[in-house]
Structures are given as C-alpha cells and as structure tokens.
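Asker: Contents of final_19.cif (mmCIF, C-alpha atoms) are below:
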data_run
#
loop_
_atom_site.label_atom_id
_atom_site.label_comp_id
_atom_site.auth_asym_id
_atom_site.auth_seq_id
_atom_site.Cartn_x
_atom_site.Cartn_y
_atom_site.Cartn_z
CA MET F 1 -52.27 67.47 65.13
CA ASP F 2 -50.23 64.97 67.16
CA SER F 3 -46.54 65.50 67.76
CA ILE F 4 -45.38 62.91 65.22
CA ALA F 5 -47.39 64.57 62.45
CA ALA F 6 -46.07 67.98 63.54
CA LEU F 7 -42.51 66.64 63.56
CA LYS F 8 -42.91 65.18 60.06
CA GLU F 9 -44.20 68.49 58.78
CA LEU F 10 -41.13 70.21 60.24
CA LEU F 11 -38.73 67.65 58.78
CA TYR F 12 -40.30 67.78 55.32
CA LYS F 13 -39.96 71.53 55.06
CA ILE F 14 -36.34 71.49 56.26
CA ALA F 15 -35.31 68.70 53.89
CA ASP F 16 -37.25 70.03 50.90
CA ASP F 17 -35.69 73.48 51.34
CA GLN F 18 -32.22 71.92 51.42
CA LEU F 19 -32.79 69.63 48.45
CA ILE F 20 -34.23 72.34 46.24
CA ILE F 21 -31.72 75.06 47.08
CA GLY F 22 -28.95 72.46 46.75
CA HIS F 23 -30.15 71.57 43.27
CA ARG F 24 -30.64 75.20 42.30
CA ASN F 25 -27.16 76.22 43.46
CA SER F 26 -25.63 73.23 41.67
CA GLU F 27 -26.82 74.85 38.44
CA TRP F 28 -23.81 77.16 38.81
CA THR F 29 -21.35 74.27 38.60
CA GLY F 30 -18.99 74.96 35.72
CA LEU F 31 -20.46 78.43 35.26
CA GLY F 32 -19.27 80.16 38.43
CA PRO F 33 -17.58 83.57 38.21
CA VAL F 34 -14.07 82.28 39.07
CA LEU F 35 -12.69 78.75 39.46
CA GLU F 36 -12.27 78.90 43.24
CA GLU F 37 -15.81 80.20 43.68
CA ASP F 38 -17.20 77.59 41.31
CA ILE F 39 -15.67 74.86 43.47
CA ALA F 40 -16.81 76.44 46.74
CA PHE F 41 -20.39 77.05 45.60
CA SER F 42 -20.68 73.57 44.10
CA SER F 43 -19.31 72.02 47.26
CA MET F 44 -21.87 73.85 49.39
CA ALA F 45 -24.66 72.78 47.03
CA GLN F 46 -23.54 69.20 47.56
CA ASP F 47 -23.53 69.77 51.33
CA LYS F 48 -27.16 70.87 51.16
CA ILE F 49 -28.23 67.77 49.27
CA GLY F 50 -26.30 65.62 51.77
CA GLN F 51 -28.07 67.36 54.65
CA SER F 52 -31.47 66.77 53.05
CA GLU F 53 -30.70 63.07 52.71
CA HIS F 54 -30.09 62.85 56.46
CA ILE F 55 -33.39 64.54 57.20
CA TYR F 56 -35.24 62.31 54.70
CA ASN F 57 -33.68 59.34 56.50
CA LEU F 58 -35.19 60.60 59.77
CA LEU F 59 -38.56 60.71 57.98
CA HIS F 60 -37.99 57.17 56.74
CA GLN F 61 -37.45 56.07 60.35
CA LEU F 62 -40.82 57.65 61.11
CA GLY F 63 -42.50 55.50 58.46
CA GLU F 64 -42.19 57.64 55.32
CA ALA F 65 -40.78 56.23 52.06
CA ASP F 66 -36.99 56.02 51.63
CA ALA F 67 -34.92 59.10 50.74
CA ASP F 68 -34.64 58.49 46.98
CA THR F 69 -38.35 57.80 46.60
CA VAL F 70 -39.26 60.88 48.59
CA ALA F 71 -36.78 63.08 46.73
CA PHE F 72 -37.43 61.85 43.20
CA THR F 73 -41.05 60.76 42.91
CA ARG F 74 -43.07 63.67 44.23
CA ASN F 75 -44.56 66.43 42.14
CA ALA F 76 -44.48 70.13 42.98
CA PRO F 77 -47.70 70.24 45.06
CA GLN F 78 -46.25 67.55 47.34
CA PHE F 79 -43.16 69.62 48.14
CA HIS F 80 -42.97 71.73 51.30
CA CYS F 81 -40.10 74.00 50.32
CA SER F 82 -40.44 77.76 50.59
CA GLN F 83 -40.88 79.59 47.30
CA LEU F 84 -37.58 81.41 47.91
CA VAL F 85 -35.49 78.32 47.19
CA GLU F 86 -37.26 77.33 43.97
CA LEU F 87 -36.75 80.66 42.17
CA PRO F 88 -34.34 80.42 39.21
CA ILE F 89 -30.70 81.19 39.96
CA GLY F 90 -30.89 84.55 38.16
CA GLY F 91 -27.61 86.44 38.19
CA TYR F 92 -24.87 85.77 40.70
CA ASP F 93 -26.12 88.74 42.74
CA PHE F 94 -29.49 87.07 43.32
CA SER F 95 -27.95 83.66 44.02
CA LEU F 96 -25.66 85.21 46.63
CA ILE F 97 -28.42 87.19 48.31
CA ARG F 98 -30.62 84.10 48.47
CA HIS F 99 -27.66 82.11 49.81
CA PHE F 100 -27.21 84.77 52.52
CA LEU F 101 -30.89 85.01 53.49
CA PHE F 102 -31.46 81.26 53.41
CA ASP F 103 -28.28 80.13 55.12
CA PHE F 104 -28.54 82.47 58.10
CA ALA F 105 -32.09 81.17 58.63
CA GLU F 106 -30.86 77.59 58.34
CA TYR F 107 -27.97 78.29 60.70
CA LEU F 108 -30.31 79.62 63.38
CA ARG F 109 -32.82 76.82 62.76
CA PHE F 110 -30.10 74.22 63.32
CA GLU F 111 -28.73 76.12 66.32
CA ALA F 112 -32.20 75.78 67.89
CA LEU F 113 -32.56 72.16 66.79
CA LYS F 114 -29.30 71.19 68.51
CA THR F 115 -31.33 71.18 71.74
CA SER F 116 -34.47 69.61 70.24
CA ALA F 117 -36.29 67.12 72.46
CA TYR F 118 -36.36 64.83 69.41
CA GLN F 119 -32.88 63.38 69.85
CA PRO F 120 -32.27 62.03 66.31
CA LEU F 121 -32.94 65.52 64.95
CA ALA F 122 -30.71 67.14 67.59
CA GLN F 123 -27.90 64.81 66.53
CA VAL F 124 -28.26 65.68 62.85
CA ALA F 125 -28.32 69.39 63.75
CA LYS F 126 -25.08 69.05 65.73
CA LYS F 127 -23.44 67.04 62.97
CA PHE F 128 -24.09 69.59 60.23
CA PHE F 129 -23.75 72.77 62.25
CA GLY F 130 -20.12 73.45 61.27
CA GLU F 131 -20.93 72.91 57.61
CA ILE F 132 -23.77 75.43 57.75
CA LYS F 133 -21.61 77.86 59.70
CA TYR F 134 -19.13 77.87 56.83
CA HIS F 135 -22.01 78.50 54.41
CA THR F 136 -22.94 81.63 56.38
CA MET F 137 -19.30 82.79 56.44
CA HIS F 138 -19.11 82.35 52.68
CA ALA F 139 -22.40 84.19 52.15
CA ASN F 140 -21.57 87.08 54.46
CA THR F 141 -18.07 87.57 53.06
CA TRP F 142 -19.42 87.80 49.51
CA VAL F 143 -22.31 90.08 50.42
CA HIS F 144 -19.90 92.34 52.28
CA GLN F 145 -17.48 92.28 49.37
CA LEU F 146 -20.05 93.24 46.73
CA GLY F 147 -21.92 95.63 49.01
CA HIS F 148 -18.66 97.57 49.25
CA GLY F 149 -17.46 96.89 45.70
CA ASN F 150 -18.62 99.79 43.58
CA GLY F 151 -21.89 101.47 42.65
CA GLU F 152 -22.78 98.75 40.18
CA SER F 153 -22.15 95.81 42.52
CA ASN F 154 -23.90 97.50 45.43
CA GLY F 155 -26.85 98.40 43.19
CA LYS F 156 -27.23 94.84 41.91
CA MET F 157 -27.07 93.39 45.42
CA GLN F 158 -29.63 95.91 46.69
CA GLU F 159 -31.97 95.16 43.79
CA SER F 160 -31.71 91.42 44.46
CA LEU F 161 -32.29 91.96 48.17
CA ASN F 162 -35.43 93.97 47.44
CA TYR F 163 -36.69 91.24 45.11
CA ALA F 164 -35.84 88.35 47.45
CA TRP F 165 -37.06 89.96 50.67
CA ASN F 166 -40.74 88.95 50.74
CA TYR F 167 -39.87 85.47 49.48
CA ALA F 168 -37.34 85.23 52.32
CA LEU F 169 -39.98 86.22 54.87
CA GLY F 170 -42.01 83.38 53.37
CA MET F 171 -39.48 80.89 54.80
CA PHE F 172 -41.07 81.53 58.18
CA GLU F 173 -44.61 80.57 57.18
CA PRO F 174 -46.12 79.14 60.36
CA GLY F 175 -46.95 75.45 60.21
CA PRO F 176 -50.27 73.91 61.26
CA ALA F 177 -48.89 72.80 64.64
CA GLU F 178 -46.42 75.40 65.85
CA ASP F 179 -47.81 75.13 69.39
CA VAL F 180 -47.22 71.37 69.51
CA LEU F 181 -43.60 71.72 68.38
CA ILE F 182 -43.01 74.47 70.94
CA THR F 183 -44.68 72.81 73.94
CA GLU F 184 -42.99 69.47 73.20
CA ASN F 185 -39.64 71.29 72.91
CA ILE F 186 -39.07 69.92 69.44
CA PHE F 187 -38.54 73.34 67.89
CA ILE F 188 -38.75 77.02 68.90
CA GLY F 189 -41.30 77.80 66.16
CA GLU F 190 -41.18 79.93 63.01
CA THR F 191 -42.08 83.23 64.69
CA ALA F 192 -39.19 83.03 67.16
CA LEU F 193 -36.85 81.92 64.37
CA ARG F 194 -37.81 84.90 62.23
CA GLU F 195 -37.09 87.26 65.15
CA GLN F 196 -33.63 85.76 65.64
CA TRP F 197 -32.94 85.90 61.92
CA LEU F 198 -33.84 89.59 61.71
CA GLU F 199 -31.62 90.32 64.71
CA VAL F 200 -28.65 88.61 63.08
CA ILE F 201 -28.93 89.75 59.47
CA THR F 202 -29.94 93.38 60.08
CA PRO F 203 -26.52 94.55 61.37
CA LEU F 204 -24.70 92.38 58.80
CA LEU F 205 -26.58 93.95 55.89
CA GLU F 206 -25.98 97.40 57.37
CA LYS F 207 -22.24 96.68 57.50
CA SER F 208 -22.45 95.69 53.84
CA ASN F 209 -24.10 98.99 52.89
CA LEU F 210 -27.38 97.27 52.02
CA VAL F 211 -30.80 98.37 53.16
CA ILE F 212 -33.60 96.06 54.23
CA PRO F 213 -36.90 97.15 52.60
CA SER F 214 -38.99 99.29 54.94
CA GLN F 215 -41.47 97.38 57.08
CA SER F 216 -44.47 98.90 55.31
CA GLU F 217 -43.43 96.90 52.23
CA TRP F 218 -43.13 93.60 54.03
CA ALA F 219 -45.59 91.07 52.62
CA PRO F 220 -44.35 87.51 53.26
CA ILE F 221 -44.95 85.20 50.30
CA TYR F 222 -46.46 82.12 51.91
CA GLY F 223 -47.85 78.95 50.38
CA GLY F 224 -44.72 76.90 49.76
CA ARG F 225 -45.09 74.94 53.01
CA LYS F 226 -48.61 73.94 51.91
CA GLY F 227 -47.58 72.84 48.42
CA GLU F 228 -48.39 76.07 46.62
CA HIS F 229 -45.45 76.85 44.39
CA THR F 230 -44.27 79.15 41.64
CA GLU F 231 -44.20 77.92 38.04
CA HIS F 232 -40.45 77.37 38.49
CA LEU F 233 -40.56 74.32 40.76
CA GLN F 234 -42.04 71.68 38.44
CA PRO F 235 -39.46 72.24 35.64
CA LEU F 236 -36.72 71.96 38.27
CA LEU F 237 -38.17 68.68 39.52
CA SER F 238 -38.52 67.31 35.99
CA GLU F 239 -34.88 68.10 35.31
CA MET F 240 -33.66 66.77 38.67
CA THR F 241 -35.55 63.50 38.31
CA GLU F 242 -34.78 62.89 34.63
CA VAL F 243 -32.34 60.02 35.21
CA TYR F 244 -34.44 58.49 37.97
CA THR F 245 -37.51 58.58 35.73
CA ILE F 246 -35.66 56.81 32.89
CA ASP F 247 -34.21 54.16 35.21
CA PRO F 248 -35.12 54.13 38.91
CA THR F 249 -32.42 51.52 39.57
CA ALA F 250 -29.63 53.58 38.01
CA ASP F 251 -26.62 53.82 40.28
CA TRP F 252 -23.23 55.52 39.90
CA MET S 253 -16.45 85.88 12.70
CA ALA S 254 -17.95 88.39 15.10
CA ASN S 255 -21.44 87.12 14.28
CA GLU S 256 -20.31 83.53 14.80
CA ASN S 257 -19.00 84.44 18.26
CA ASN S 258 -22.23 86.12 19.23
CA LYS S 259 -24.37 83.08 18.39
CA THR S 260 -26.08 81.66 21.47
CA ILE S 261 -24.61 78.31 22.47
CA GLU S 262 -27.03 75.39 22.25
CA SER S 263 -26.06 72.55 24.57
CA LEU S 264 -27.36 69.17 25.75
CA ASP S 265 -26.85 70.63 29.21
CA PRO S 266 -30.08 72.57 29.82
CA ARG S 267 -28.24 74.97 32.15
CA ILE S 268 -25.98 76.10 29.33
CA SER S 269 -28.86 76.73 26.93
CA ARG S 270 -30.76 78.59 29.65
CA ALA S 271 -27.81 80.84 30.38
CA GLN S 272 -27.93 82.11 26.76
CA LEU S 273 -24.16 82.24 26.53
CA THR S 274 -22.42 83.39 23.41
CA GLY S 275 -19.14 82.09 22.06
CA GLY S 276 -17.54 85.12 23.52
CA ASN S 277 -16.04 88.30 22.43
CA HIS S 278 -13.43 88.73 25.07
CA ALA S 279 -12.70 92.35 24.25
CA ASP S 280 -14.68 93.31 27.34
CA MET S 281 -12.13 91.46 29.48
CA GLU S 282 -9.31 93.64 28.33
CA GLY S 283 -7.94 95.98 30.92
CA MET S 284 -9.42 93.89 33.73
CA THR S 285 -7.04 92.83 36.44
CA HIS S 286 -6.66 89.36 37.85
CA PHE S 287 -7.13 88.65 41.51
CA GLN S 288 -3.88 88.36 43.41
CA THR S 289 -2.69 84.97 44.59
CA PHE S 290 -2.41 83.78 48.17
CA GLU S 291 -0.17 80.96 49.35
CA VAL S 292 -2.10 78.44 51.43
CA PHE S 293 -0.69 76.67 54.49
CA HIS S 294 -2.56 73.76 55.98
CA GLN S 295 -2.29 72.45 59.54
CA SER S 296 -3.72 69.00 60.15
CA LYS S 297 -3.46 69.04 63.94
CA ARG S 298 -2.95 71.72 66.59
CA GLY S 299 0.72 72.08 67.46
CA THR S 300 2.03 70.64 64.20
CA HIS S 301 3.62 72.71 61.43
CA HIS S 302 1.53 74.41 58.80
CA LYS S 303 2.51 72.96 55.45
CA HIS S 304 2.40 74.78 52.16
CA VAL S 305 -0.22 73.14 49.95
CA GLY S 306 -0.79 75.51 47.02
CA ILE S 307 -2.37 78.81 46.06
CA VAL S 308 -5.78 80.40 45.59
CA HIS S 309 -6.80 83.49 43.64
CA ALA S 310 -8.81 85.98 45.66
CA PRO S 311 -9.39 89.72 45.97
CA ASN S 312 -8.49 89.76 49.68
CA ALA S 313 -7.48 87.57 52.62
CA ASP S 314 -11.06 86.92 53.81
CA MET S 315 -12.06 85.55 50.44
CA ALA S 316 -8.79 83.64 50.19
CA LEU S 317 -9.55 81.87 53.47
CA LEU S 318 -13.00 80.89 52.18
CA TYR S 319 -11.48 79.40 49.06
CA ALA S 320 -8.55 77.77 50.84
CA LYS S 321 -11.05 75.92 53.02
CA GLU S 322 -12.88 74.46 50.02
CA GLN S 323 -9.78 73.92 47.88
CA TYR S 324 -7.46 72.38 50.44
CA ALA S 325 -9.48 71.32 53.47
CA ARG S 326 -12.51 69.76 51.83
CA ARG S 327 -11.10 66.27 51.96
CA GLU S 328 -8.45 66.62 54.69
CA VAL S 329 -8.60 66.58 58.45
CA THR S 330 -7.87 70.19 59.26
CA ALA S 331 -7.19 72.19 62.41
CA ASN S 332 -6.21 75.53 60.89
CA ILE S 333 -5.39 77.33 57.66
CA TRP S 334 -3.14 80.29 56.88
CA VAL S 335 -3.17 82.39 53.75
CA VAL S 336 -0.36 84.78 52.89
CA PRO S 337 -0.27 87.09 49.86
CA SER S 338 2.20 85.57 47.41
CA SER S 339 3.71 89.05 47.09
CA CYS S 340 4.85 88.78 50.73
CA ILE S 341 7.11 85.81 49.96
CA SER S 342 10.83 86.61 49.53
CA ALA S 343 12.70 83.93 47.64
CA THR S 344 16.18 83.12 46.38
CA GLU S 345 16.79 83.36 42.64
CA TYR S 346 17.02 80.09 40.73
CA GLU S 347 19.94 81.56 38.79
CA ASP S 348 21.78 81.83 42.10
CA ASP S 349 21.22 78.19 42.98
CA ASP S 350 24.97 77.62 42.83
CA ILE S 351 25.04 78.98 46.38
CA PHE S 352 23.70 75.55 47.38
CA SER S 353 26.01 73.53 45.12
CA THR S 354 28.52 72.17 47.65
CA THR S 355 25.87 71.26 50.20
CA PRO S 356 25.79 67.51 49.33
CA GLU S 357 29.54 67.28 49.95
CA LYS S 358 29.48 68.69 53.44
CA LEU S 359 28.81 65.38 55.13
CA TYR S 360 30.59 66.59 58.26
CA ARG S 361 27.52 68.72 58.87
CA ASN S 362 25.44 65.58 59.04
CA PRO S 363 25.52 63.93 62.48
CA ALA S 364 25.20 60.47 60.90
CA SER S 365 28.58 60.90 59.29
CA TYR S 366 30.47 61.09 62.60
CA LYS S 367 32.08 57.62 62.87
CA VAL S 368 32.90 56.96 66.49
CA MET S 369 32.44 53.19 66.67
CA ASP S 370 36.14 52.57 66.03
CA ARG S 371 37.06 54.72 69.02
CA ILE S 372 34.45 53.04 71.21
CA GLN S 373 35.89 49.64 70.26
CA GLU S 374 39.38 50.86 71.02
CA TRP S 375 38.28 52.01 74.49
CA LYS S 376 36.55 48.68 75.21
CA GLU S 377 39.69 46.77 74.25
CA ARG S 378 41.77 48.92 76.58
CA GLU S 379 39.29 48.35 79.45
CA LYS S 380 39.62 44.57 78.98
CA SER S 381 43.41 44.65 79.00
CA ILE S 382 43.44 46.77 82.15
CA SER S 383 41.13 44.36 83.99
CA ARG S 384 43.33 41.38 82.95
CA GLU S 385 46.41 43.10 84.36
CA VAL S 386 44.79 43.63 87.77
#
Starting from the coordinates I provided, produce the structure as structure tokens.
Answerer:
Amino acid sequence: MDSIAALKELLYKIADDQLIIGHRNSEWTGLGPVLEEDIAFSSMAQDKIGQSEHIYNLLHQLGEADADTVAFTRNAPQFHCSQLVELPIGGYDFSLIRHFLFDFAEYLRFEALKTSAYQPLAQVAKKFFGEIKYHTMHANTWVHQLGHGNGESNGKMQESLNYAWNYALGMFEPGPAEDVLITENIFIGETALREQWLEVITPLLEKSNLVIPSQSEWAPIYGGRKGEHTEHLQPLLSEMTEVYTIDPTADW
Amino acid sequence: MANENNKTIESLDPRISRAQLTGGNHADMEGMTHFQTFEVFHQSKRGTHHKHVGIVHAPNADMALLYAKEQYARREVTANIWVVPSSCISATEYEDDDIFSTTPEKLYRNPASYKVMDRIQEWKEREKSISREV
C-alpha cells in the first residue's frame, strides 16, 4: 500500500468516527439530564461533526468526493468507523463512558498528529486540539462525579464500562498499512496509540472508583475499520441522510 | 389521568419515540434537591476585569466551570472564567435602597462638576493687565 492510500485510510477512519459519534451524541439534544448539560453535550456533538468535515475536506484534496457526498451517500459497509461509536446512545451512563473512552483516544490521536509529516493534517490537529481537550475535561469530570456519586451511579458507570470496554479496544484495530504510516512519520500507529490511551485512562478511572475489566477478558471487537458493522449503523445512516436523500440540494 | 400520563409519547422525532417517554408522573421528583447556582464571571482578555455574565446550575465548581464554558464562552473570545457559588455573594437589600437616594444630587463628588474655567479666565486677564503696565 502506498503512502497516499495509507493516509486516506487513516483519514477516513478518523472522520467517520467523528461524524458517527457526533450524530449519535446529538440524539441527546433536548433530552439531556439538565439544561446546562444538554447545551454542553449538544455543542460537543456539533464540534465532532465540524471536525469530521475538516478531515473529509482533506480527503477531497486527495481526490475523494466532496464532504457532503462522502458523509451522506455511503452505506454502512463503506464506513470505516469503529463499532464503539455506532452503538445506540443507551442511558446517559453509557453515553458518558463512551464519550470518555472515545475522547481520550481522540485527544491522544490528535496530539500525535500535531507533528504528522503530512502538514495539512498536522494543521487540522493543532486547530482542533483545544476543542478536544475540553471534551476530555467534560468527560473526565462527569465520570469522576458519577463514579463517586452513590452506589447506584457507580454501579451504572461500571456496568457501562464493562459493556463498552471491548468495543473501545476495537478503536485501535490496526490498519492495512501501519508500517507505512509509521515509517513516513504520518502517524504513530494504532498499537502505540492504544498504549498511550491505557496509560492515561487507567489512573483516571481508578480515581473515579471504576475498574477496568481484567486483561483475561479483553477481546477487542474489530471489523469497523473494514466496513463490518453492527446492525445499528445503517438505521443511523438512514436517519442522518433523510433530508439529503429527499433533496440533495437542500440548504439551510 | 394516571393512565393517560403513563402512555408512551409518539413523536415525529424518531429520537422521542425511541426513548419511550411517558407523559410523566412527577411524583418521583418530589424530595429531590436542585443543583446550587454559580455566578459566572467572564474575562475576554488577560489583565482586563472579569465581568458578571449570568449563572449556571451545577453540583460543584468543577461542573460549573464546564457549563460556564459552554454557556458563556462558546461564542465569545475568552481568556478566563470564574465561577462563584451564588451563596457566597453578600448583597444589599432592595428595601434599603434609600441609602443610595441622594447619590444623584452629590455632583460635587463628580470631578466634571468642578467649574474652574471662570477662575482661569480671571487669571489670564490679570496676566494681560500686568504685562501692559510694565
């Protein structure tokens, strides 16, 4: 695989993760637990979709279709998002745990990409780094809050963490050209990213009185990066693209 | 009535139908406490004053800062934010606002009200007359 193909593969999975989790989290708009949180969570969901647009624009510069076409005309098997982000929002406990697990991975991914040899990507990473940093602060504050809340809140968070864990490990599914990305200094690779992620989130979860499942139970759920998805992605896409499907020229 | 309230809400918004919400029987909210409020102060640039911009509801200061950022700094250039529990604010009583009632009359406390031009003119005139005499 040449470096352009490897780069495209990397960009697609980053952007698809952001678009899908952005859409998923936007499902809380108007339904959030308190007004302030509703606004904050909706705003972050919007941030994610904005970030994905910038990455799709990088793909467009590399010869792919424009952002709207890429976002709204593909079917589930053409998406490269991890299965973690396509799961239904569940209760707020699950949405927060996913937000925590995903955003710390994204934070570290963008931290690494700030020094990517592919300059346009490094610039986008620098631009959105502060935004993503806030997302991790929001996630960690909530996880800490509910981890220390009471038996019920801690129990729900722990249950969601157990459920999300192997999906979260699936975020780090190695791509077909990890070696190319690493030798060309485009990206540090999924294995290194997963190591960094574990180093960062382990003490944070401990401080929140939550326990990472024991290593013997780790079984990363891969497939998303290759277009293998849960039954939840296609309904999400159908809903997300409803307006576009009715009128591709619609604008507002 | 109780049955009516427990009916699942059907909506054109698929998210609402999916959430299987009922009209609500708010008895389970009774006895629950509200979050406290925090006063939010926004600073647009380092070195300038923080200005009071509003409040947020939050269970503690960390959460209040998270919300203040989204509520009051989402569309503003921001250098820094403070949050202070509203309970920490001491205020005068509106019923005692007569303590401020004579303030508008005390113009002598306002530097603009010191009229010195007449004395400056007087001095200038005297200077002229002295120079003529010499």
Asker: Lys156 (chain F): which residues within 9 Å, counting all atoms listed in the file, same-chain residues fewer than 5 positions away excluded, as a ChimeraX atom specification?
Answerer: /F:93-94,146-147,151,161
Asker: Skipping near chain neighbours, those fewer than 5 positions away, what residues fall within 10 Å of Asp314 (chain S) using all atoms listed in the file, listed as a ChimeraX atom specification?
Answerer: /F:137-138,141-142,145 /S:319-320,335
Asker: Looking at S:Glu322, S:Glu282, S:Asp349, S:Glu328, which one is nearest to chain F, with distances taken over all atoms listed in the file?
Answerer: S:Glu322
Asker: Got a sec to resolve the PyMOL selection byres ((chain F) within 12 of (chain S)) on this structure and send the residues as a ChimeraX atom specification?
Answerer: /F:23-44,46-47,88-92,131,133-146,149,235-236,238-240,242
Asker: So what do you get for CA of Thr183 (chain F) versus CA of Ala117 (chain F), distance-wise?
Answerer: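 Going from CA of Thr183 (chain F) over to CA of Ala117 (chain F) covers 10.2 Å.
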Asker: CA of Trp252 (chain F) to CA of Leu59 (chain F): how many Å, to one decimal?
Answerer: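 Those two atoms sit 24.3 Å apart.
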Asker: I need the residue set behind the PyMOL selection byres ((chain F and resi 83) around 7) for this file; please write it as number ranges by chain.
Answerer: F: 81-82, 84-87, 167, 224, 229-230
Asker: Which centre and which edge lengths, in Å to one decimal, describe the axis-aligned box that holds all listed atoms of region 19-29 of chain F after 4 Å is added on each side, as lines of an AutoDock Vina configuration file?
Answerer:
center_x = -27.8
center_y = 73.4
center_z = 43.4
size_x = 20.9
size_y = 15.5
size_z = 18.0
Asker: Looking at all atoms listed in the file, which of S:His304, S:His286, S:Arg270, S:Lys376 is the one that sits closest to Val336 (chain S)?
Answerer: S:His304
Asker: Rounded to one decimal place, report the CA of Gly223 (chain F)-CA of Gly22 (chain F) distance in Å.
Answerer: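 It comes out at 20.3 Å.
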Asker: Would you mind telling me which residue in F:Ile246, F:Leu19, F:Ile212, F:Leu11 lies nearest to Leu58 (chain F) when using only C-alpha atoms?
Answerer: F:Leu11
Asker: Convert the output of the PyMOL selection byres ((chain S and resi 293) around 7) on the shown file into explicit residues, formatted as a PDB file with C-alpha atoms, keeping the file's coordinate frame.
Answerer:
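Generated output (selection08.pdb):
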ATOM      1  CA  GLU S 291      -0.170  80.960  49.350  1.00  0.00           C
ATOM      2  CA  VAL S 292      -2.100  78.440  51.430  1.00  0.00           C
ATOM      3  CA  HIS S 294      -2.560  73.760  55.980  1.00  0.00           C
ATOM      4  CA  GLN S 295      -2.290  72.450  59.540  1.00  0.00           C
ATOM      5  CA  HIS S 302       1.530  74.410  58.800  1.00  0.00           C
ATOM      6  CA  LYS S 303       2.510  72.960  55.450  1.00  0.00           C
ATOM      7  CA  HIS S 304       2.400  74.780  52.160  1.00  0.00           C
ATOM      8  CA  VAL S 305      -0.220  73.140  49.950  1.00  0.00           C
ATOM      9  CA  ILE S 333      -5.390  77.330  57.660  1.00  0.00           C
ATOM     10  CA  TRP S 334      -3.140  80.290  56.880  1.00  0.00           C
ATOM     11  CA  VAL S 335      -3.170  82.390  53.750  1.00  0.00           C
TER      12      VAL S 335
END
Asker: May I have the residues within 9 Å of His80 (chain F) as a list of chain:residue names, using all atoms listed in the file and disregarding those fewer than 3 positions away in the same chain?
Answerer: F:Glu9, F:Tyr12, F:Lys13, F:Ile14, F:Ala15, F:Asp16, F:Asp17, F:Ala76, F:Pro77, F:Gly223, F:Gly224, F:Arg225, F:Lys226, F:Gly227, F:Glu228, F:His229
Asker: Just want the 9 Å neighbourhood of Phe110 (chain F), counted on all atoms listed in the file, with same-chain residues fewer than 3 positions away dropped. Output as a compact mmCIF listing (two decimals) with C-alpha atoms, in the frame of the given file.
Answerer:
# COMPACT_ATOMS: atom_id res chain seq x y z
CA ALA F 105 -32.09 81.17 58.63
CA GLU F 106 -30.86 77.59 58.34
CA TYR F 107 -27.97 78.29 60.70
CA LEU F 113 -32.56 72.16 66.79
CA LYS F 114 -29.30 71.19 68.51
CA ALA F 122 -30.71 67.14 67.59
CA VAL F 124 -28.26 65.68 62.85
CA ALA F 125 -28.32 69.39 63.75
CA LYS F 126 -25.08 69.05 65.73
CA PHE F 128 -24.09 69.59 60.23
CA PHE F 129 -23.75 72.77 62.25
CA ILE F 132 -23.77 75.43 57.75
Asker: Taking 2 positions as the minimum chain separation for residues in the same chain, which residues sit within 12 Å of Cys340 (chain S) when counting only C-alpha atoms? Answer as a ChimeraX atom specification.
Answerer: /S:288-291,335-338,342-343
Asker: For each of F:Lys127, F:Pro120, F:Ile4, F:Glu206, take the minimum atom-to-atom distance to Gly50 (chain F), counting all atoms listed in the file, then give the residue where this is smallest.
Answerer: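 Closest residue, counting all atoms listed in the file: F:Lys127.
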